[in-house]
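One file, start_31.cif, is given below (mmCIF, C-alpha atoms).
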data_model
loop_
_atom_site.group_PDB
_atom_site.id
_atom_site.type_symbol
_atom_site.label_atom_id
_atom_site.label_comp_id
_atom_site.auth_asym_id
_atom_site.auth_seq_id
_atom_site.Cartn_x
_atom_site.Cartn_y
_atom_site.Cartn_z
ATOM 1 C CA MET A 920 16.934 82.019 7.139
ATOM 2 C CA GLU A 921 18.534 78.575 7.058
ATOM 3 C CA PRO A 922 21.987 78.259 5.440
ATOM 4 C CA ASN A 923 20.780 76.012 2.614
ATOM 5 C CA ALA A 924 18.120 78.596 1.652
ATOM 6 C CA ILE A 925 20.769 81.347 1.750
ATOM 7 C CA TYR A 926 22.948 79.259 -0.557
ATOM 8 C CA GLU A 927 20.089 78.829 -3.040
ATOM 9 C CA LEU A 928 19.767 82.615 -3.313
ATOM 10 C CA LEU A 929 23.542 82.999 -3.629
ATOM 11 C CA ALA A 930 23.788 80.293 -6.298
ATOM 12 C CA ALA A 931 21.013 81.925 -8.316
ATOM 13 C CA HIS A 932 23.014 85.160 -8.248
ATOM 14 C CA LEU A 933 26.512 83.732 -8.873
ATOM 15 C CA GLY A 934 25.703 80.954 -11.324
ATOM 16 C CA ASP A 935 28.768 78.779 -11.835
ATOM 17 C CA GLY A 936 30.670 80.951 -9.319
ATOM 18 C CA ALA A 937 28.833 79.048 -6.591
ATOM 19 C CA LEU A 938 30.639 75.710 -6.392
ATOM 20 C CA ALA A 939 28.992 73.666 -3.636
ATOM 21 C CA PHE A 940 27.115 73.733 -0.350
ATOM 22 C CA THR A 941 28.201 71.465 2.492
ATOM 23 C CA GLU A 942 25.828 70.552 5.296
ATOM 24 C CA HIS A 943 27.706 70.142 8.544
ATOM 25 C CA PRO A 944 26.258 69.814 12.059
ATOM 26 C CA LEU A 945 28.685 72.371 13.496
ATOM 27 C CA GLU A 946 29.039 74.821 10.611
ATOM 28 C CA PRO A 947 27.594 74.443 7.117
ATOM 29 C CA TRP A 948 29.415 76.391 4.426
ATOM 30 C CA ALA A 949 29.352 77.397 0.767
ATOM 31 C CA ASP A 950 32.355 77.078 -1.543
ATOM 32 C CA VAL A 951 32.731 79.859 -4.105
ATOM 33 C CA ALA A 952 35.127 80.520 -6.954
ATOM 34 C CA PRO A 953 37.969 82.746 -5.686
ATOM 35 C CA GLY A 954 37.494 85.362 -8.387
ATOM 36 C CA ARG A 955 33.810 85.759 -7.466
ATOM 37 C CA VAL A 956 34.128 86.115 -3.693
ATOM 38 C CA ALA A 957 33.779 89.918 -3.665
ATOM 39 C CA ASP A 958 30.640 89.636 -5.823
ATOM 40 C CA ALA A 959 29.282 86.961 -3.465
ATOM 41 C CA CYS A 960 29.977 89.069 -0.391
ATOM 42 C CA ARG A 961 28.402 92.184 -1.907
ATOM 43 C CA PHE A 962 25.250 90.226 -2.714
ATOM 44 C CA LEU A 963 25.096 88.723 0.787
ATOM 45 C CA ARG A 964 25.527 92.163 2.325
ATOM 46 C CA ASP A 965 23.199 94.178 0.111
ATOM 47 C CA ASP A 966 20.266 91.876 -0.637
ATOM 48 C CA PRO A 967 17.556 92.818 1.932
ATOM 49 C CA ARG A 968 16.567 89.159 2.297
ATOM 50 C CA LEU A 969 20.074 88.431 3.626
ATOM 51 C CA ASP A 970 21.483 91.694 5.054
ATOM 52 C CA PHE A 971 24.852 90.350 6.240
ATOM 53 C CA ASN A 972 26.077 93.619 7.692
ATOM 54 C CA GLN A 973 28.932 92.123 9.740
ATOM 55 C CA LEU A 974 32.031 90.183 8.827
ATOM 56 C CA MET A 975 32.651 88.388 12.122
ATOM 57 C CA CYS A 976 35.908 86.795 11.053
ATOM 58 C CA LEU A 977 38.075 86.167 8.002
ATOM 59 C CA SER A 978 40.542 83.306 8.438
ATOM 60 C CA GLY A 979 43.374 82.043 6.263
ATOM 61 C CA LEU A 980 43.652 78.257 5.880
ATOM 62 C CA ASP A 981 46.418 75.861 4.906
ATOM 63 C CA TRP A 982 44.853 72.671 3.562
ATOM 64 C CA ASP A 983 48.137 70.777 3.320
ATOM 65 C CA GLY A 984 47.669 67.262 4.696
ATOM 66 C CA HIS A 985 43.962 67.102 3.782
ATOM 67 C CA ASP A 986 42.375 65.451 0.771
ATOM 68 C CA ALA A 987 40.229 67.237 -1.809
ATOM 69 C CA ALA A 988 37.138 66.835 0.381
ATOM 70 C CA GLY A 989 38.847 68.449 3.362
ATOM 71 C CA LYS A 990 39.290 65.161 5.189
ATOM 72 C CA GLY A 991 42.477 63.790 6.636
ATOM 73 C CA LYS A 992 44.924 64.552 9.355
ATOM 74 C CA SER A 993 46.262 68.060 9.740
ATOM 75 C CA VAL A 994 50.023 68.434 9.317
ATOM 76 C CA ALA A 995 51.738 69.983 12.309
ATOM 77 C CA ILE A 996 53.465 73.348 11.914
ATOM 78 C CA LEU A 997 57.208 73.119 12.432
ATOM 79 C CA GLY A 998 58.633 74.938 15.442
ATOM 80 C CA TYR A 999 61.701 74.655 17.630
ATOM 81 C CA SER A 1000 63.090 71.536 19.276
ATOM 82 C CA ASP A 1001 63.601 71.239 23.030
ATOM 83 C CA ASP A 1002 67.162 72.498 22.639
ATOM 84 C CA GLY A 1003 65.981 75.626 20.821
ATOM 85 C CA GLN A 1004 66.916 74.651 17.260
ATOM 86 C CA PRO A 1005 64.558 75.012 14.273
ATOM 87 C CA GLU A 1006 62.815 71.747 13.427
ATOM 88 C CA LYS A 1007 63.589 70.463 9.937
ATOM 89 C CA SER A 1008 61.535 68.383 7.538
ATOM 90 C CA ASP A 1009 61.972 66.980 4.030
ATOM 91 C CA ARG A 1010 58.231 67.134 3.413
ATOM 92 C CA VAL A 1011 57.147 69.315 0.498
ATOM 93 C CA ALA A 1012 53.795 71.007 1.047
ATOM 94 C CA THR A 1013 51.388 70.619 -1.856
ATOM 95 C CA GLY A 1014 47.998 71.454 -0.351
ATOM 96 C CA GLU A 1015 45.993 74.494 -1.361
ATOM 97 C CA LEU A 1016 45.540 77.615 0.731
ATOM 98 C CA GLY A 1017 42.147 79.053 1.450
ATOM 99 C CA VAL A 1018 40.027 81.696 3.139
ATOM 100 C CA ALA A 1019 36.903 81.361 5.282
ATOM 101 C CA TYR A 1020 34.447 84.260 5.713
ATOM 102 C CA HIS A 1021 32.062 84.155 8.694
ATOM 103 C CA LEU A 1022 29.094 86.500 8.220
ATOM 104 C CA TYR A 1023 26.270 87.640 10.504
ATOM 105 C CA SER A 1024 23.098 89.677 10.069
ATOM 106 C CA HIS A 1025 22.163 91.699 13.145
ATOM 107 C CA ALA A 1026 18.736 92.486 11.747
ATOM 108 C CA LEU A 1027 17.796 88.971 10.636
ATOM 109 C CA LYS A 1028 19.821 87.003 13.237
ATOM 110 C CA HIS A 1029 21.299 84.475 10.832
ATOM 111 C CA LYS A 1030 24.847 83.368 10.045
ATOM 112 C CA PHE A 1031 26.581 82.104 6.931
ATOM 113 C CA THR A 1032 30.072 80.901 6.033
ATOM 114 C CA LEU A 1033 31.861 81.181 2.696
ATOM 115 C CA ARG A 1034 35.016 79.288 1.805
ATOM 116 C CA LEU A 1035 37.391 79.352 -1.136
ATOM 117 C CA ARG A 1036 40.596 77.598 -2.155
ATOM 118 C CA VAL A 1037 43.530 78.877 -4.180
ATOM 119 C CA PRO A 1038 46.720 77.214 -5.466
ATOM 120 C CA ARG A 1039 49.593 77.381 -3.029
ATOM 121 C CA ASP A 1040 51.873 79.050 -5.557
ATOM 122 C CA ALA A 1041 49.226 81.558 -6.737
ATOM 123 C CA ALA A 1042 47.394 82.478 -3.549
ATOM 124 C CA THR A 1043 45.596 85.659 -4.623
ATOM 125 C CA VAL A 1044 41.953 86.588 -4.008
ATOM 126 C CA PRO A 1045 40.025 89.882 -4.292
ATOM 127 C CA THR A 1046 39.816 92.040 -1.174
ATOM 128 C CA VAL A 1047 36.470 92.570 0.562
ATOM 129 C CA SER A 1048 37.775 95.483 2.643
ATOM 130 C CA GLY A 1049 35.565 97.852 0.657
ATOM 131 C CA LEU A 1050 32.500 95.962 1.880
ATOM 132 C CA TRP A 1051 33.393 95.540 5.557
ATOM 133 C CA SER A 1052 36.162 97.765 6.890
ATOM 134 C CA THR A 1053 37.210 95.165 9.465
ATOM 135 C CA ALA A 1054 38.314 92.924 6.591
ATOM 136 C CA ALA A 1055 41.337 95.176 6.069
ATOM 137 C CA TRP A 1056 42.813 93.941 9.361
ATOM 138 C CA HIS A 1057 41.884 90.283 8.856
ATOM 139 C CA GLU A 1058 43.326 90.269 5.330
ATOM 140 C CA ARG A 1059 46.590 91.797 6.501
ATOM 141 C CA GLU A 1060 46.893 89.044 9.103
ATOM 142 C CA ALA A 1061 46.190 86.329 6.518
ATOM 143 C CA TRP A 1062 48.878 87.826 4.270
ATOM 144 C CA ASP A 1063 51.367 88.151 7.106
ATOM 145 C CA LEU A 1064 51.000 84.624 8.492
ATOM 146 C CA LEU A 1065 49.956 82.583 5.430
ATOM 147 C CA GLY A 1066 51.085 84.596 2.411
ATOM 148 C CA ILE A 1067 47.624 85.023 0.874
ATOM 149 C CA THR A 1068 47.503 88.189 -1.254
ATOM 150 C CA PHE A 1069 44.282 90.228 -1.347
ATOM 151 C CA ALA A 1070 44.155 92.100 -4.637
ATOM 152 C CA GLY A 1071 42.966 95.684 -4.253
ATOM 153 C CA HIS A 1072 43.726 95.917 -0.534
ATOM 154 C CA PRO A 1073 44.396 99.586 0.325
ATOM 155 C CA ASP A 1074 47.264 98.946 2.771
ATOM 156 C CA PRO A 1075 48.843 95.511 2.199
ATOM 157 C CA ARG A 1076 51.503 95.578 4.919
ATOM 158 C CA ARG A 1077 52.516 92.916 7.376
ATOM 159 C CA MET A 1078 50.588 93.171 10.608
ATOM 160 C CA LEU A 1079 52.485 91.156 13.241
ATOM 161 C CA LEU A 1080 55.958 90.694 11.778
ATOM 162 C CA GLU A 1081 58.586 93.081 10.450
ATOM 163 C CA GLU A 1082 58.172 94.166 6.840
ATOM 164 C CA ASP A 1083 61.382 92.391 5.811
ATOM 165 C CA TRP A 1084 60.523 89.116 7.580
ATOM 166 C CA VAL A 1085 61.104 86.149 5.280
ATOM 167 C CA GLY A 1086 58.215 83.739 4.801
ATOM 168 C CA HIS A 1087 54.843 83.214 6.455
ATOM 169 C CA PRO A 1088 54.960 81.317 9.779
ATOM 170 C CA LEU A 1089 51.527 79.619 9.697
ATOM 171 C CA ARG A 1090 52.233 77.803 6.442
ATOM 172 C CA LYS A 1091 52.771 74.162 7.307
ATOM 173 C CA ASP A 1092 56.015 74.014 5.343
ATOM 174 C CA TYR A 1093 57.520 77.076 7.046
ATOM 175 C CA VAL A 1094 60.865 76.574 8.807
ATOM 176 C CA MET A 1095 61.535 78.835 11.781
ATOM 177 C CA PRO A 1096 64.707 80.944 11.458
ATOM 178 C CA ASP A 1097 67.788 80.429 13.594
ATOM 179 C CA LEU A 1098 68.998 83.976 12.840
ATOM 180 C CA TRP A 1099 67.182 87.286 12.439
ATOM 181 C CA ASN A 1100 69.204 90.220 11.110
ATOM 182 C CA GLY A 1101 72.321 88.492 12.407
ATOM 183 C CA VAL A 1102 70.886 87.900 15.894
ATOM 184 C CA PRO A 1103 70.684 84.223 16.977
ATOM 185 C CA LEU A 1104 67.174 83.054 17.842
ATOM 186 C CA GLN A 1105 66.596 80.301 20.344
ATOM 187 C CA GLY A 1106 63.113 78.859 20.376
ATOM 188 C CA GLN A 1107 61.590 77.448 23.538
ATOM 189 C CA PRO A 1108 58.938 74.761 24.048
ATOM 190 C CA TYR A 1109 55.502 76.369 24.074
ATOM 191 C CA CYS A 1110 54.691 74.982 27.543
ATOM 192 C CA ALA A 1111 57.974 76.012 29.202
ATOM 193 C CA ASN A 1112 57.876 78.595 31.987
ATOM 194 C CA PRO A 1113 60.214 81.431 30.916
ATOM 195 C CA PHE A 1114 60.465 82.579 34.544
ATOM 196 C CA PRO A 1115 61.163 79.449 36.606
ATOM 197 C CA VAL A 1116 60.882 79.814 40.368
ATOM 198 C CA ALA A 1117 63.392 78.117 42.624
ATOM 199 C CA THR A 1118 61.603 75.719 44.958
ATOM 200 C CA GLY A 1119 61.810 75.793 48.727
ATOM 201 C CA GLY A 1120 62.591 79.475 49.306
ATOM 202 C CA PRO A 1121 60.607 81.610 51.755
ATOM 203 C CA ASP A 1122 59.613 84.050 48.994
ATOM 204 C CA GLN A 1123 58.165 81.362 46.726
ATOM 205 C CA PRO A 1124 54.558 82.244 45.755
ATOM 206 C CA ALA A 1125 52.004 79.879 47.217
ATOM 207 C CA GLY A 1126 50.727 78.930 43.781
ATOM 208 C CA ASP A 1127 54.199 77.673 42.744
ATOM 209 C CA LYS A 1128 54.719 75.418 45.744
ATOM 210 C CA PRO A 1129 54.362 71.653 45.239
ATOM 211 C CA ALA A 1130 51.146 70.183 46.599
ATOM 212 C CA GLU A 1131 51.465 68.491 49.955
ATOM 213 C CA GLY A 1132 50.061 65.158 50.960
#
What's the structure tokens form of this structure?
Amino acid sequence: MEPNAIYELLAAHLGDGALAFTEHPLEPWADVAPGRVADACRFLRDDPRLDFNQLMCLSGLDWDGHDAAGKGKSVAILGYSDDGQPEKSDRVATGELGVAYHLYSHALKHKFTLRLRVPRDAATVPTVSGLWSTAAWHEREAWDLLGITFAGHPDPRRMLLEEDWVGHPLRKDYVMPDLWNGVPLQGQPYCANPFPVATGGPDQPAGDKPAEG
């Protein structure tokens, strides 16, 4: 079934909980009200005309730097400078946070994408971990890195960072720490080789030698 036909069925079920459908050549999507996302997902999973039995991916989004229509230039995430110090900025993030749900039906071979947006200072949405068990992992990651809370999640712990880590590193206003539990942190450029090889020695791997000619 084509995405626009799927959205018509979803809109008939959700009523005003279905906000809009966006045609896009790469990935069309439906926007839904945050409080209705679990209802939307249950309908998409259980209706035999749709049968979305797999949640392929659930992704947290930071819309800061985009306009209301999702257009604009993405704001870079702060990191560390070349000398290893946390980058600073006076910019105050105001954009909403969001979640994207990528669904697939193995039986009917169709895909569909849901999106929602929530205020940055009240980023809470219902969990869908009771519908697809894999969502429990994706939601923990979105909480850990973006600070989006999934109400009703059975195990809402951080997934990648320590439980007492401060902040959520994929928010575009996050400032990297220079200390962690009293230990100095020194960031490095992402492209730097942490194991530089001295040039010219007999034991230098062939792949590290400068090209000749």
Provide the atom CA of A:Asp1002 to atom CA of A:Gln1105 distance in Å, to one decimal place.
8.2 Å
Show me a table, sorted first by chain and then by increasing residue number, of the residues of stretch 1049-1114 of chain A having an atom at most 12 Å from stretch 951-959 of chain A, each with its shortest atom pair and the distance in Å to one decimal, counting only C-alpha atoms and written as a Markdown table.
| residue | atom | partner | partner_atom | distance |
| --- | --- | --- | --- | --- |
| A:Gly1049 | CA | A:Ala957 | CA | 9.2 |
| A:Leu1050 | CA | A:Ala957 | CA | 8.3 |
| A:Trp1051 | CA | A:Ala957 | CA | 10.8 |
| A:Ala1054 | CA | A:Ala957 | CA | 11.6 |
| A:Ile1067 | CA | A:Pro953 | CA | 11.9 |
| A:Thr1068 | CA | A:Pro953 | CA | 11.8 |
| A:Phe1069 | CA | A:Pro953 | CA | 10.7 |
| A:Ala1070 | CA | A:Gly954 | CA | 10.2 |
| A:Gly1071 | CA | A:Ala957 | CA | 10.9 |
In Å, rounded to a single decimal, give me how far atom CA of A:Arg1077 is from atom CA of A:Phe1031.
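Distance reported for this atom pair: 28.1 Å.
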Suppose you want the space between atom CA of A:Gly984 and atom CA of A:His1057; what is it in Å?
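Taking atom CA of A:Gly984 and atom CA of A:His1057, their separation equals 24.1 Å.
Counting only C-alpha atoms and comparing A:Asp981, A:Leu997, A:Gly1101, A:Gly934, the residue that lies closest to A:Thr1013 is A:Asp981.
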Nearby residues (all atoms listed in the file) at most 10 Å from A:Met1078, same-chain spacing under 4 positions excluded, as a PyMOL selection string:
chain A and resi 1056-1064+1082
Produce a file of the selected residues containing C-alpha atoms, as a PDB file, in the frame of the given file.
ATOM      1  CA  TRP A1056      42.813  93.941   9.361  1.00  0.00           C
ATOM      2  CA  HIS A1057      41.884  90.283   8.856  1.00  0.00           C
ATOM      3  CA  GLU A1058      43.326  90.269   5.330  1.00  0.00           C
ATOM      4  CA  ARG A1059      46.590  91.797   6.501  1.00  0.00           C
ATOM      5  CA  GLU A1060      46.893  89.044   9.103  1.00  0.00           C
ATOM      6  CA  ALA A1061      46.190  86.329   6.518  1.00  0.00           C
ATOM      7  CA  TRP A1062      48.878  87.826   4.270  1.00  0.00           C
ATOM      8  CA  ASP A1063      51.367  88.151   7.106  1.00  0.00           C
ATOM      9  CA  LEU A1064      51.000  84.624   8.492  1.00  0.00           C
ATOM     10  CA  GLU A1082      58.172  94.166   6.840  1.00  0.00           C
TER      11      GLU A1082
END
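All residues of protein, DNA or RNA that reach within 8 Å of A:Lys1030, judged by all atoms listed in the file and not counting those fewer than 2 positions away in the chain, are Pro922, Phe971, His1021, Leu1022, Tyr1023, Ser1024, Lys1028 and Thr1032 of chain A.
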With only C-alpha atoms as the atoms that count, which of A:Asp935, A:Asp1040, A:Glu921, A:Asp970 lies nearest to A:His1025?
A:Asp970
Could you tell me, as an MDAnalysis selection string, which residues have any atom at most 7 Å from (42.3, 79.2, 4.1), counting all atoms listed in the file?
chainID A and resid 978:981 1016:1019 1036
Could you work out an axis-aligned bounding box for all listed atoms of stretch 952-966 of chain A, with 4 Å added on each of the six sides, and give its centre and edge lengths in Å to one decimal, as AutoDock Vina command-line options?
--center_x 29.1 --center_y 87.3 --center_z -3.0 --size_x 25.7 --size_y 21.7 --size_z 18.7
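Proximity of A:Ala949, A:Met920, A:Leu977, A:Leu963 to A:His932, computed with only C-alpha atoms, is greatest for A:Leu963.
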If you count all atoms listed in the file, the residue of A:His1072, A:Arg1090, A:Arg968, A:Arg1034 closest to A:Asp983 turns out to be A:Arg1090
Using only C-alpha atoms, pick whichever of A:Ala1042, A:Ala937, A:Ile925, A:Ala1026 has the shortest atom-to-atom distance to A:Leu1065.
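Result for the nearest residue to A:Leu1065: A:Ala1042.
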Distance criterion (only C-alpha atoms): nearest to A:Arg1039 out of A:Tyr999, A:Trp982, A:Trp1084, A:Phe940:
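Closest to A:Arg1039 of all the choices is A:Trp982.
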Within 10 Å of (52.0, 72.7, 12.1) (coordinates as in the file), grab all the protein and nucleic acid residues, counting only C-alpha atoms, and write them out as a PyMOL selection string.
chain A and resi 981+983+993-998+1088-1093
So which residues touch A:Leu1104 within 9 Å, counting all atoms listed in the file, skipping near sequence neighbours fewer than 4 positions away, as a compact mmCIF listing (two decimals) with C-alpha atoms, in the coordinates of the input?
# COMPACT_ATOMS: atom_id res chain seq x y z
CA GLY A 1003 65.98 75.63 20.82
CA GLN A 1004 66.92 74.65 17.26
CA PRO A 1096 64.71 80.94 11.46
CA ASP A 1097 67.79 80.43 13.59
CA LEU A 1098 69.00 83.98 12.84
CA TRP A 1099 67.18 87.29 12.44
Where atoms are missing, can you supply N, CA and C atoms for stretch 1021-1056 of chain A and output the lot as a tab-separated table (two decimals), in the coordinates of the input?
chain	number	residue	atom	x	y	z
A	1021	HIS	N	33.18	84.42	7.78
A	1021	HIS	CA	32.06	84.16	8.69
A	1021	HIS	C	31.21	85.42	8.80
A	1022	LEU	N	29.97	85.34	8.33
A	1022	LEU	CA	29.09	86.50	8.22
A	1022	LEU	C	27.92	86.41	9.19
A	1023	TYR	N	27.42	87.59	9.59
A	1023	TYR	CA	26.27	87.64	10.50
A	1023	TYR	C	25.38	88.82	10.14
A	1024	SER	N	24.07	88.61	10.26
A	1024	SER	CA	23.10	89.68	10.07
A	1024	SER	C	22.50	90.04	11.42
A	1025	HIS	N	22.73	91.26	11.87
A	1025	HIS	CA	22.16	91.70	13.14
A	1025	HIS	C	20.65	91.84	13.05
A	1026	ALA	N	20.17	92.27	11.89
A	1026	ALA	CA	18.74	92.49	11.75
A	1026	ALA	C	17.97	91.17	11.65
A	1027	LEU	N	18.52	90.21	10.90
A	1027	LEU	CA	17.80	88.97	10.64
A	1027	LEU	C	18.28	87.80	11.49
A	1028	LYS	N	19.34	88.00	12.26
A	1028	LYS	CA	19.82	87.00	13.24
A	1028	LYS	C	20.20	85.67	12.59
A	1029	HIS	N	20.81	85.72	11.42
A	1029	HIS	CA	21.30	84.48	10.83
A	1029	HIS	C	22.77	84.60	10.47
A	1030	LYS	N	23.42	83.44	10.34
A	1030	LYS	CA	24.85	83.37	10.04
A	1030	LYS	C	25.06	82.60	8.74
A	1031	PHE	N	26.24	82.83	8.15
A	1031	PHE	CA	26.58	82.10	6.93
A	1031	PHE	C	28.09	82.11	6.78
A	1032	THR	N	28.63	81.03	6.22
A	1032	THR	CA	30.07	80.90	6.03
A	1032	THR	C	30.39	80.62	4.58
A	1033	LEU	N	31.32	81.41	4.03
A	1033	LEU	CA	31.86	81.18	2.70
A	1033	LEU	C	33.27	80.62	2.82
A	1034	ARG	N	33.64	79.76	1.88
A	1034	ARG	CA	35.02	79.29	1.80
A	1034	ARG	C	35.48	79.33	0.35
A	1035	LEU	N	36.79	79.47	0.20
A	1035	LEU	CA	37.39	79.35	-1.14
A	1035	LEU	C	38.77	78.72	-0.99
A	1036	ARG	N	39.26	78.19	-2.11
A	1036	ARG	CA	40.60	77.60	-2.15
A	1036	ARG	C	41.37	78.18	-3.33
A	1037	VAL	N	42.67	78.36	-3.13
A	1037	VAL	CA	43.53	78.88	-4.18
A	1037	VAL	C	44.81	78.05	-4.22
A	1038	PRO	N	45.46	77.96	-5.39
A	1038	PRO	CA	46.72	77.21	-5.47
A	1038	PRO	C	47.76	77.80	-4.53
A	1039	ARG	N	48.58	76.95	-3.99
A	1039	ARG	CA	49.59	77.38	-3.03
A	1039	ARG	C	50.58	78.38	-3.64
A	1040	ASP	N	50.89	78.19	-4.91
A	1040	ASP	CA	51.87	79.05	-5.56
A	1040	ASP	C	51.23	80.24	-6.28
A	1041	ALA	N	49.91	80.42	-6.12
A	1041	ALA	CA	49.23	81.56	-6.74
A	1041	ALA	C	48.07	81.97	-5.83
A	1042	ALA	N	48.41	82.24	-4.58
A	1042	ALA	CA	47.39	82.48	-3.55
A	1042	ALA	C	46.97	83.95	-3.55
A	1043	THR	N	46.10	84.29	-4.50
A	1043	THR	CA	45.60	85.66	-4.62
A	1043	THR	C	44.08	85.63	-4.75
A	1044	VAL	N	43.41	86.46	-3.94
A	1044	VAL	CA	41.95	86.59	-4.01
A	1044	VAL	C	41.60	88.07	-3.93
A	1045	PRO	N	40.42	88.47	-4.39
A	1045	PRO	CA	40.02	89.88	-4.29
A	1045	PRO	C	39.79	90.29	-2.84
A	1046	THR	N	40.11	91.53	-2.50
A	1046	THR	CA	39.82	92.04	-1.17
A	1046	THR	C	38.32	92.28	-1.00
A	1047	VAL	N	37.84	92.17	0.23
A	1047	VAL	CA	36.47	92.57	0.56
A	1047	VAL	C	36.49	93.72	1.57
A	1048	SER	N	37.65	94.39	1.68
A	1048	SER	CA	37.78	95.48	2.64
A	1048	SER	C	36.89	96.68	2.29
A	1049	GLY	N	36.48	96.79	1.03
A	1049	GLY	CA	35.56	97.85	0.66
A	1049	GLY	C	34.13	97.57	1.06
A	1050	LEU	N	33.85	96.34	1.45
A	1050	LEU	CA	32.50	95.96	1.88
A	1050	LEU	C	32.36	96.00	3.40
A	1051	TRP	N	33.35	95.49	4.08
A	1051	TRP	CA	33.39	95.54	5.56
A	1051	TRP	C	34.78	96.04	5.93
A	1052	SER	N	34.86	97.17	6.61
A	1052	SER	CA	36.16	97.76	6.89
A	1052	SER	C	37.04	96.87	7.76
A	1053	THR	N	36.41	96.05	8.61
A	1053	THR	CA	37.21	95.16	9.46
A	1053	THR	C	38.01	94.15	8.66
A	1054	ALA	N	37.59	93.89	7.43
A	1054	ALA	CA	38.31	92.92	6.59
A	1054	ALA	C	39.74	93.38	6.32
A	1055	ALA	N	39.99	94.68	6.34
A	1055	ALA	CA	41.34	95.18	6.07
A	1055	ALA	C	42.34	94.61	7.07
A	1056	TRP	N	41.94	94.50	8.33
A	1056	TRP	CA	42.81	93.94	9.36
A	1056	TRP	C	42.96	92.43	9.20
